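S.K.: Got a structure for you, target35.txt, holding compact mmCIF, N, CA and C atoms.
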```txt
# COMPACT_ATOMS: atom_id res chain seq x y z
N MET F 1 30.07 66.47 122.77
CA MET F 1 29.26 65.30 123.05
C MET F 1 29.97 64.44 124.10
N LEU F 2 29.17 63.67 124.84
CA LEU F 2 29.73 62.93 125.96
C LEU F 2 29.65 61.42 125.79
N GLU F 3 29.50 60.91 124.56
CA GLU F 3 29.42 59.48 124.35
C GLU F 3 30.64 58.79 124.95
N GLY F 4 30.43 57.60 125.45
CA GLY F 4 31.51 56.84 126.04
C GLY F 4 31.68 57.09 127.52
N LYS F 5 31.04 58.12 128.04
CA LYS F 5 31.16 58.43 129.46
C LYS F 5 29.91 58.02 130.23
N ALA F 6 28.96 57.40 129.55
CA ALA F 6 27.74 56.94 130.21
C ALA F 6 27.98 55.56 130.81
N THR F 7 27.27 55.28 131.90
CA THR F 7 27.33 53.98 132.54
C THR F 7 25.93 53.38 132.52
N VAL F 8 25.77 52.29 131.79
CA VAL F 8 24.48 51.61 131.73
C VAL F 8 24.32 50.80 133.02
N LYS F 9 23.23 51.04 133.72
CA LYS F 9 22.96 50.34 134.97
C LYS F 9 22.06 49.13 134.75
N GLU F 10 21.11 49.25 133.82
CA GLU F 10 20.19 48.16 133.51
C GLU F 10 19.56 48.42 132.16
N THR F 11 19.37 47.38 131.36
CA THR F 11 18.75 47.56 130.05
C THR F 11 18.28 46.23 129.48
N ASP F 12 17.32 46.30 128.58
CA ASP F 12 16.99 45.15 127.74
C ASP F 12 16.92 45.59 126.28
N MET F 13 17.45 46.78 125.98
CA MET F 13 17.50 47.32 124.62
C MET F 13 18.61 46.66 123.81
N SER F 14 18.46 46.72 122.49
CA SER F 14 19.55 46.31 121.61
C SER F 14 20.70 47.29 121.80
N GLU F 15 21.88 46.85 121.44
CA GLU F 15 23.04 47.73 121.59
C GLU F 15 22.90 48.99 120.74
N LYS F 16 22.35 48.86 119.55
CA LYS F 16 22.16 50.02 118.67
C LYS F 16 21.22 51.05 119.34
N MET F 17 20.14 50.57 119.93
CA MET F 17 19.19 51.47 120.59
C MET F 17 19.82 52.08 121.85
N GLN F 18 20.65 51.32 122.56
CA GLN F 18 21.35 51.86 123.72
C GLN F 18 22.25 53.02 123.32
N MET F 19 22.97 52.85 122.23
CA MET F 19 23.86 53.90 121.75
C MET F 19 23.05 55.15 121.37
N HIS F 20 21.88 54.94 120.77
CA HIS F 20 21.01 56.06 120.42
C HIS F 20 20.57 56.79 121.69
N ALA F 21 20.20 56.03 122.72
CA ALA F 21 19.74 56.64 123.97
C ALA F 21 20.83 57.51 124.59
N MET F 22 22.04 56.99 124.64
CA MET F 22 23.13 57.75 125.25
C MET F 22 23.53 58.96 124.40
N ALA F 23 23.49 58.81 123.08
CA ALA F 23 23.79 59.94 122.20
C ALA F 23 22.72 61.01 122.32
N SER F 24 21.46 60.60 122.42
CA SER F 24 20.36 61.56 122.58
C SER F 24 20.50 62.33 123.89
N ALA F 25 20.83 61.63 124.96
CA ALA F 25 21.03 62.29 126.25
C ALA F 25 22.21 63.25 126.20
N SER F 26 23.28 62.83 125.57
CA SER F 26 24.46 63.69 125.44
C SER F 26 24.13 64.95 124.64
N HIS F 27 23.39 64.78 123.56
CA HIS F 27 23.01 65.94 122.75
C HIS F 27 22.09 66.87 123.53
N ALA F 28 21.15 66.30 124.29
CA ALA F 28 20.26 67.11 125.12
C ALA F 28 21.07 67.92 126.13
N LEU F 29 22.11 67.32 126.69
CA LEU F 29 22.95 68.05 127.66
C LEU F 29 23.75 69.16 126.98
N ASP F 30 24.03 69.00 125.71
CA ASP F 30 24.69 70.08 124.95
C ASP F 30 23.74 71.25 124.73
N LEU F 31 22.44 70.95 124.61
CA LEU F 31 21.44 71.97 124.29
C LEU F 31 20.84 72.67 125.50
N PHE F 32 20.71 71.93 126.62
CA PHE F 32 20.00 72.46 127.79
C PHE F 32 20.88 72.42 129.04
N ASP F 33 20.55 73.26 129.99
CA ASP F 33 21.24 73.28 131.27
C ASP F 33 21.04 71.95 131.99
N VAL F 34 22.07 71.50 132.68
CA VAL F 34 22.02 70.22 133.39
C VAL F 34 20.91 70.17 134.44
N SER F 35 20.45 71.33 134.93
CA SER F 35 19.39 71.36 135.94
C SER F 35 17.99 71.45 135.33
N ASP F 36 17.90 71.55 134.01
CA ASP F 36 16.60 71.66 133.33
C ASP F 36 16.09 70.26 132.97
N PHE F 37 15.70 69.50 133.99
CA PHE F 37 15.29 68.10 133.81
C PHE F 37 14.15 67.96 132.82
N LEU F 38 13.18 68.87 132.87
CA LEU F 38 12.02 68.79 131.99
C LEU F 38 12.41 68.91 130.52
N SER F 39 13.25 69.88 130.19
CA SER F 39 13.68 70.04 128.80
C SER F 39 14.52 68.86 128.33
N LEU F 40 15.39 68.34 129.19
CA LEU F 40 16.20 67.18 128.85
C LEU F 40 15.31 65.98 128.54
N ALA F 41 14.37 65.68 129.44
CA ALA F 41 13.47 64.53 129.27
C ALA F 41 12.59 64.71 128.04
N SER F 42 12.07 65.91 127.84
CA SER F 42 11.20 66.18 126.69
C SER F 42 11.95 65.98 125.38
N TYR F 43 13.18 66.46 125.30
CA TYR F 43 13.98 66.32 124.09
C TYR F 43 14.19 64.83 123.76
N ILE F 44 14.57 64.05 124.77
CA ILE F 44 14.85 62.63 124.55
C ILE F 44 13.57 61.88 124.16
N LYS F 45 12.47 62.17 124.85
CA LYS F 45 11.19 61.52 124.54
C LYS F 45 10.79 61.81 123.10
N LYS F 46 10.87 63.06 122.67
CA LYS F 46 10.49 63.42 121.30
C LYS F 46 11.41 62.76 120.28
N ASP F 47 12.69 62.66 120.60
CA ASP F 47 13.65 61.99 119.72
C ASP F 47 13.25 60.53 119.53
N PHE F 48 12.96 59.84 120.62
CA PHE F 48 12.58 58.43 120.55
C PHE F 48 11.22 58.24 119.89
N ASP F 49 10.26 59.11 120.19
CA ASP F 49 8.96 59.04 119.52
C ASP F 49 9.12 59.18 118.01
N GLY F 50 9.95 60.10 117.58
CA GLY F 50 10.17 60.34 116.16
C GLY F 50 10.90 59.20 115.46
N THR F 51 11.80 58.55 116.18
CA THR F 51 12.60 57.48 115.58
C THR F 51 11.92 56.12 115.66
N TYR F 52 11.29 55.81 116.81
CA TYR F 52 10.77 54.46 117.05
C TYR F 52 9.25 54.40 117.21
N GLY F 53 8.55 55.49 116.97
CA GLY F 53 7.09 55.51 117.14
C GLY F 53 6.71 56.02 118.51
N SER F 54 5.47 56.42 118.66
CA SER F 54 5.02 57.07 119.90
C SER F 54 4.90 56.09 121.06
N GLY F 55 4.82 56.66 122.25
CA GLY F 55 4.64 55.87 123.46
C GLY F 55 5.85 55.82 124.38
N TRP F 56 6.90 56.56 124.05
CA TRP F 56 8.11 56.56 124.86
C TRP F 56 7.95 57.47 126.08
N GLN F 57 8.63 57.10 127.15
CA GLN F 57 8.66 57.88 128.38
C GLN F 57 10.12 58.12 128.75
N CYS F 58 10.39 59.25 129.38
CA CYS F 58 11.75 59.56 129.81
C CYS F 58 11.71 60.26 131.16
N VAL F 59 12.55 59.79 132.07
CA VAL F 59 12.69 60.40 133.39
C VAL F 59 14.16 60.78 133.54
N VAL F 60 14.42 62.02 133.97
CA VAL F 60 15.78 62.50 134.16
C VAL F 60 15.89 63.11 135.55
N GLY F 61 16.94 62.79 136.25
CA GLY F 61 17.16 63.39 137.56
C GLY F 61 18.37 62.79 138.24
N SER F 62 18.67 63.32 139.40
CA SER F 62 19.82 62.81 140.15
C SER F 62 19.40 61.83 141.23
N ASN F 63 18.11 61.85 141.59
CA ASN F 63 17.63 60.97 142.66
C ASN F 63 16.13 60.76 142.48
N PHE F 64 15.74 59.58 142.07
CA PHE F 64 14.32 59.28 141.92
C PHE F 64 14.08 57.78 142.06
N GLY F 65 12.87 57.44 142.40
CA GLY F 65 12.43 56.05 142.43
C GLY F 65 11.35 55.87 141.38
N CYS F 66 11.17 54.64 140.94
CA CYS F 66 10.14 54.41 139.93
C CYS F 66 9.70 52.95 139.96
N PHE F 67 8.53 52.73 139.41
CA PHE F 67 7.98 51.39 139.24
C PHE F 67 7.07 51.49 138.03
N PHE F 68 7.32 50.68 136.99
CA PHE F 68 6.59 50.85 135.74
C PHE F 68 6.56 49.53 134.97
N THR F 69 5.73 49.48 133.96
CA THR F 69 5.66 48.37 133.02
C THR F 69 6.12 48.89 131.67
N HIS F 70 6.93 48.10 130.98
CA HIS F 70 7.43 48.53 129.68
C HIS F 70 7.32 47.41 128.66
N SER F 71 7.37 47.78 127.39
CA SER F 71 7.42 46.80 126.31
C SER F 71 8.81 46.17 126.30
N MET F 72 8.89 44.88 126.09
CA MET F 72 10.18 44.19 126.07
C MET F 72 11.09 44.79 125.01
N GLY F 73 12.36 44.94 125.36
CA GLY F 73 13.36 45.45 124.43
C GLY F 73 13.40 46.97 124.31
N THR F 74 12.74 47.66 125.25
CA THR F 74 12.65 49.13 125.13
C THR F 74 13.04 49.87 126.40
N PHE F 75 13.80 49.24 127.27
CA PHE F 75 14.11 49.84 128.57
C PHE F 75 15.62 50.06 128.71
N ILE F 76 15.98 51.25 129.20
CA ILE F 76 17.37 51.51 129.57
C ILE F 76 17.39 52.47 130.76
N TYR F 77 18.31 52.21 131.68
CA TYR F 77 18.56 53.08 132.82
C TYR F 77 20.07 53.27 132.86
N PHE F 78 20.51 54.52 132.71
CA PHE F 78 21.94 54.80 132.68
C PHE F 78 22.25 56.14 133.33
N SER F 79 23.51 56.33 133.67
CA SER F 79 23.96 57.61 134.22
C SER F 79 24.91 58.26 133.23
N LEU F 80 24.85 59.58 133.22
CA LEU F 80 25.72 60.39 132.37
C LEU F 80 25.96 61.68 133.12
N GLU F 81 27.23 62.01 133.30
CA GLU F 81 27.57 63.15 134.15
C GLU F 81 27.02 62.87 135.55
N THR F 82 26.26 63.80 136.12
CA THR F 82 25.70 63.62 137.46
C THR F 82 24.24 63.19 137.44
N LEU F 83 23.72 62.90 136.24
CA LEU F 83 22.29 62.59 136.10
C LEU F 83 22.05 61.13 135.77
N ASN F 84 20.85 60.67 136.13
CA ASN F 84 20.37 59.36 135.75
C ASN F 84 19.27 59.54 134.71
N PHE F 85 19.23 58.63 133.74
CA PHE F 85 18.25 58.68 132.66
C PHE F 85 17.53 57.34 132.61
N LEU F 86 16.22 57.40 132.60
CA LEU F 86 15.37 56.23 132.46
C LEU F 86 14.52 56.44 131.21
N ILE F 87 14.66 55.56 130.24
CA ILE F 87 13.90 55.67 128.99
C ILE F 87 13.22 54.33 128.76
N PHE F 88 11.94 54.34 128.44
CA PHE F 88 11.22 53.10 128.16
C PHE F 88 9.99 53.40 127.33
N LYS F 89 9.49 52.37 126.67
CA LYS F 89 8.26 52.52 125.89
C LYS F 89 7.14 51.82 126.64
N SER F 90 6.04 52.53 126.79
CA SER F 90 4.86 51.98 127.44
C SER F 90 4.25 50.89 126.56
N PRO F 91 3.72 49.84 127.18
CA PRO F 91 3.04 48.82 126.37
C PRO F 91 1.77 49.40 125.74
N SER F 92 1.42 48.88 124.59
CA SER F 92 0.21 49.36 123.89
C SER F 92 -1.05 48.92 124.61
```
Have the structure of the file written as structure tokens, please.

M.R.:
Amino acid sequence: MLEGKATVKETDMSEKMQMHAMASASHALDLFDVSDFLSLASYIKKDFDGTYGSGWQCVVGSNFGCFFTHSMGTFIYFSLETLNFLIFKSPS
């Protein structure tokens, strides 16, 4: 596992939820190839949907732009290894 090696770039999540996000990403990297962005994102999204309810979105990659609306307290953008992870919950 790679906990402690992530760098949070921006977030409004609670610290507990941030730790869950980084642990989920680390576990996904243990399970899937670093270049399999779809499997990484899908794993994290399903983890968050199962833990915090449906409506979560996850973007994984080394270079991307985005513009989105999220529910307050549900956004994190961090890097781990050579990848960036964006996790957020869509507003209802």

S.K.: Find the distance between CA of Lys5 (chain F) and atom C of Phe67 (chain F) and write it in Å to one decimal.

M.R.: 26.5 Å

S.K.: Using all atoms listed in the file, list the residues that have an atom at most 7 Å from (15.6, 53.5, 126.2), coordinates as in the file, as a PyMOL selection string.

M.R.: chain F and resi 13+17-18+21+74-77+86-89

S.K.: Could you give me, as a VMD selection string, each residue of chain F that DSSP assigns to helix (DSSP H, G or I) when run on this structure's backbone?

M.R.: chain F and resid 15 to 31 37 to 52

S.K.: Quick one: distance from CA of Val8 (chain F) to CA of Phe85 (chain F) in Å, one decimal?

M.R.: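 Going from CA of Val8 (chain F) over to CA of Phe85 (chain F) covers 9.5 Å.
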
S.K.: Take every atom of region 50-66 of chain F listed in the file, pad by 4 Å on each side, and give me the axis-aligned box centre and edge lengths in Å, one decimal, as AutoDock Vina command-line options.

M.R.:
```
--center_x 12.2 --center_y 58.2 --center_z 129.1 --size_x 23.2 --size_y 18.4 --size_z 35.2
```

S.K.: Kindly output region 7-27 of chain F as a PDB file, keeping the file's coordinate frame, after building N, CA, C and O atoms.

M.R.:
```
ATOM      1  N   THR F   7      27.270  55.280 131.900  1.00  0.00           N
ATOM      2  CA  THR F   7      27.330  53.980 132.540  1.00  0.00           C
ATOM      3  C   THR F   7      25.930  53.380 132.520  1.00  0.00           C
ATOM      4  O   THR F   7      25.020  53.914 133.145  1.00  0.00           O
ATOM      5  N   VAL F   8      25.770  52.290 131.790  1.00  0.00           N
ATOM      6  CA  VAL F   8      24.480  51.610 131.730  1.00  0.00           C
ATOM      7  C   VAL F   8      24.320  50.800 133.020  1.00  0.00           C
ATOM      8  O   VAL F   8      25.174  49.988 133.364  1.00  0.00           O
ATOM      9  N   LYS F   9      23.230  51.040 133.720  1.00  0.00           N
ATOM     10  CA  LYS F   9      22.960  50.340 134.970  1.00  0.00           C
ATOM     11  C   LYS F   9      22.060  49.130 134.750  1.00  0.00           C
ATOM     12  O   LYS F   9      22.221  48.115 135.406  1.00  0.00           O
ATOM     13  N   GLU F  10      21.110  49.250 133.820  1.00  0.00           N
ATOM     14  CA  GLU F  10      20.190  48.160 133.510  1.00  0.00           C
ATOM     15  C   GLU F  10      19.560  48.420 132.160  1.00  0.00           C
ATOM     16  O   GLU F  10      19.253  49.569 131.829  1.00  0.00           O
ATOM     17  N   THR F  11      19.370  47.380 131.360  1.00  0.00           N
ATOM     18  CA  THR F  11      18.750  47.560 130.050  1.00  0.00           C
ATOM     19  C   THR F  11      18.280  46.230 129.480  1.00  0.00           C
ATOM     20  O   THR F  11      18.788  45.175 129.880  1.00  0.00           O
ATOM     21  N   ASP F  12      17.320  46.300 128.580  1.00  0.00           N
ATOM     22  CA  ASP F  12      16.990  45.150 127.740  1.00  0.00           C
ATOM     23  C   ASP F  12      16.920  45.590 126.280  1.00  0.00           C
ATOM     24  O   ASP F  12      16.431  44.862 125.430  1.00  0.00           O
ATOM     25  N   MET F  13      17.450  46.780 125.980  1.00  0.00           N
ATOM     26  CA  MET F  13      17.500  47.320 124.620  1.00  0.00           C
ATOM     27  C   MET F  13      18.610  46.660 123.810  1.00  0.00           C
ATOM     28  O   MET F  13      19.618  46.229 124.372  1.00  0.00           O
ATOM     29  N   SER F  14      18.460  46.720 122.490  1.00  0.00           N
ATOM     30  CA  SER F  14      19.550  46.310 121.610  1.00  0.00           C
ATOM     31  C   SER F  14      20.700  47.290 121.800  1.00  0.00           C
ATOM     32  O   SER F  14      20.514  48.424 122.243  1.00  0.00           O
ATOM     33  N   GLU F  15      21.880  46.850 121.440  1.00  0.00           N
ATOM     34  CA  GLU F  15      23.040  47.730 121.590  1.00  0.00           C
ATOM     35  C   GLU F  15      22.900  48.990 120.740  1.00  0.00           C
ATOM     36  O   GLU F  15      23.284  50.081 121.159  1.00  0.00           O
ATOM     37  N   LYS F  16      22.350  48.860 119.550  1.00  0.00           N
ATOM     38  CA  LYS F  16      22.160  50.020 118.670  1.00  0.00           C
ATOM     39  C   LYS F  16      21.220  51.050 119.340  1.00  0.00           C
ATOM     40  O   LYS F  16      21.496  52.248 119.325  1.00  0.00           O
ATOM     41  N   MET F  17      20.140  50.570 119.930  1.00  0.00           N
ATOM     42  CA  MET F  17      19.190  51.470 120.590  1.00  0.00           C
ATOM     43  C   MET F  17      19.820  52.080 121.850  1.00  0.00           C
ATOM     44  O   MET F  17      19.579  53.248 122.155  1.00  0.00           O
ATOM     45  N   GLN F  18      20.650  51.320 122.560  1.00  0.00           N
ATOM     46  CA  GLN F  18      21.350  51.860 123.720  1.00  0.00           C
ATOM     47  C   GLN F  18      22.250  53.020 123.320  1.00  0.00           C
ATOM     48  O   GLN F  18      22.275  54.053 123.993  1.00  0.00           O
ATOM     49  N   MET F  19      22.970  52.850 122.230  1.00  0.00           N
ATOM     50  CA  MET F  19      23.860  53.900 121.750  1.00  0.00           C
ATOM     51  C   MET F  19      23.050  55.150 121.370  1.00  0.00           C
ATOM     52  O   MET F  19      23.480  56.269 121.648  1.00  0.00           O
ATOM     53  N   HIS F  20      21.880  54.940 120.770  1.00  0.00           N
ATOM     54  CA  HIS F  20      21.010  56.060 120.420  1.00  0.00           C
ATOM     55  C   HIS F  20      20.570  56.790 121.690  1.00  0.00           C
ATOM     56  O   HIS F  20      20.570  58.018 121.731  1.00  0.00           O
ATOM     57  N   ALA F  21      20.200  56.030 122.720  1.00  0.00           N
ATOM     58  CA  ALA F  21      19.740  56.640 123.970  1.00  0.00           C
ATOM     59  C   ALA F  21      20.830  57.510 124.590  1.00  0.00           C
ATOM     60  O   ALA F  21      20.583  58.653 124.995  1.00  0.00           O
ATOM     61  N   MET F  22      22.040  56.990 124.640  1.00  0.00           N
ATOM     62  CA  MET F  22      23.130  57.750 125.250  1.00  0.00           C
ATOM     63  C   MET F  22      23.530  58.960 124.400  1.00  0.00           C
ATOM     64  O   MET F  22      23.818  60.026 124.933  1.00  0.00           O
ATOM     65  N   ALA F  23      23.490  58.810 123.080  1.00  0.00           N
ATOM     66  CA  ALA F  23      23.790  59.940 122.200  1.00  0.00           C
ATOM     67  C   ALA F  23      22.720  61.010 122.320  1.00  0.00           C
ATOM     68  O   ALA F  23      23.032  62.214 122.334  1.00  0.00           O
ATOM     69  N   SER F  24      21.460  60.600 122.420  1.00  0.00           N
ATOM     70  CA  SER F  24      20.360  61.560 122.580  1.00  0.00           C
ATOM     71  C   SER F  24      20.500  62.330 123.890  1.00  0.00           C
ATOM     72  O   SER F  24      20.330  63.559 123.924  1.00  0.00           O
ATOM     73  N   ALA F  25      20.830  61.630 124.960  1.00  0.00           N
ATOM     74  CA  ALA F  25      21.030  62.290 126.250  1.00  0.00           C
ATOM     75  C   ALA F  25      22.210  63.250 126.200  1.00  0.00           C
ATOM     76  O   ALA F  25      22.134  64.372 126.713  1.00  0.00           O
ATOM     77  N   SER F  26      23.280  62.830 125.570  1.00  0.00           N
ATOM     78  CA  SER F  26      24.460  63.690 125.440  1.00  0.00           C
ATOM     79  C   SER F  26      24.130  64.950 124.640  1.00  0.00           C
ATOM     80  O   SER F  26      24.514  66.062 125.026  1.00  0.00           O
ATOM     81  N   HIS F  27      23.390  64.780 123.560  1.00  0.00           N
ATOM     82  CA  HIS F  27      23.010  65.940 122.750  1.00  0.00           C
ATOM     83  C   HIS F  27      22.090  66.870 123.530  1.00  0.00           C
ATOM     84  O   HIS F  27      22.221  68.094 123.470  1.00  0.00           O
TER      85      HIS F  27
END
```
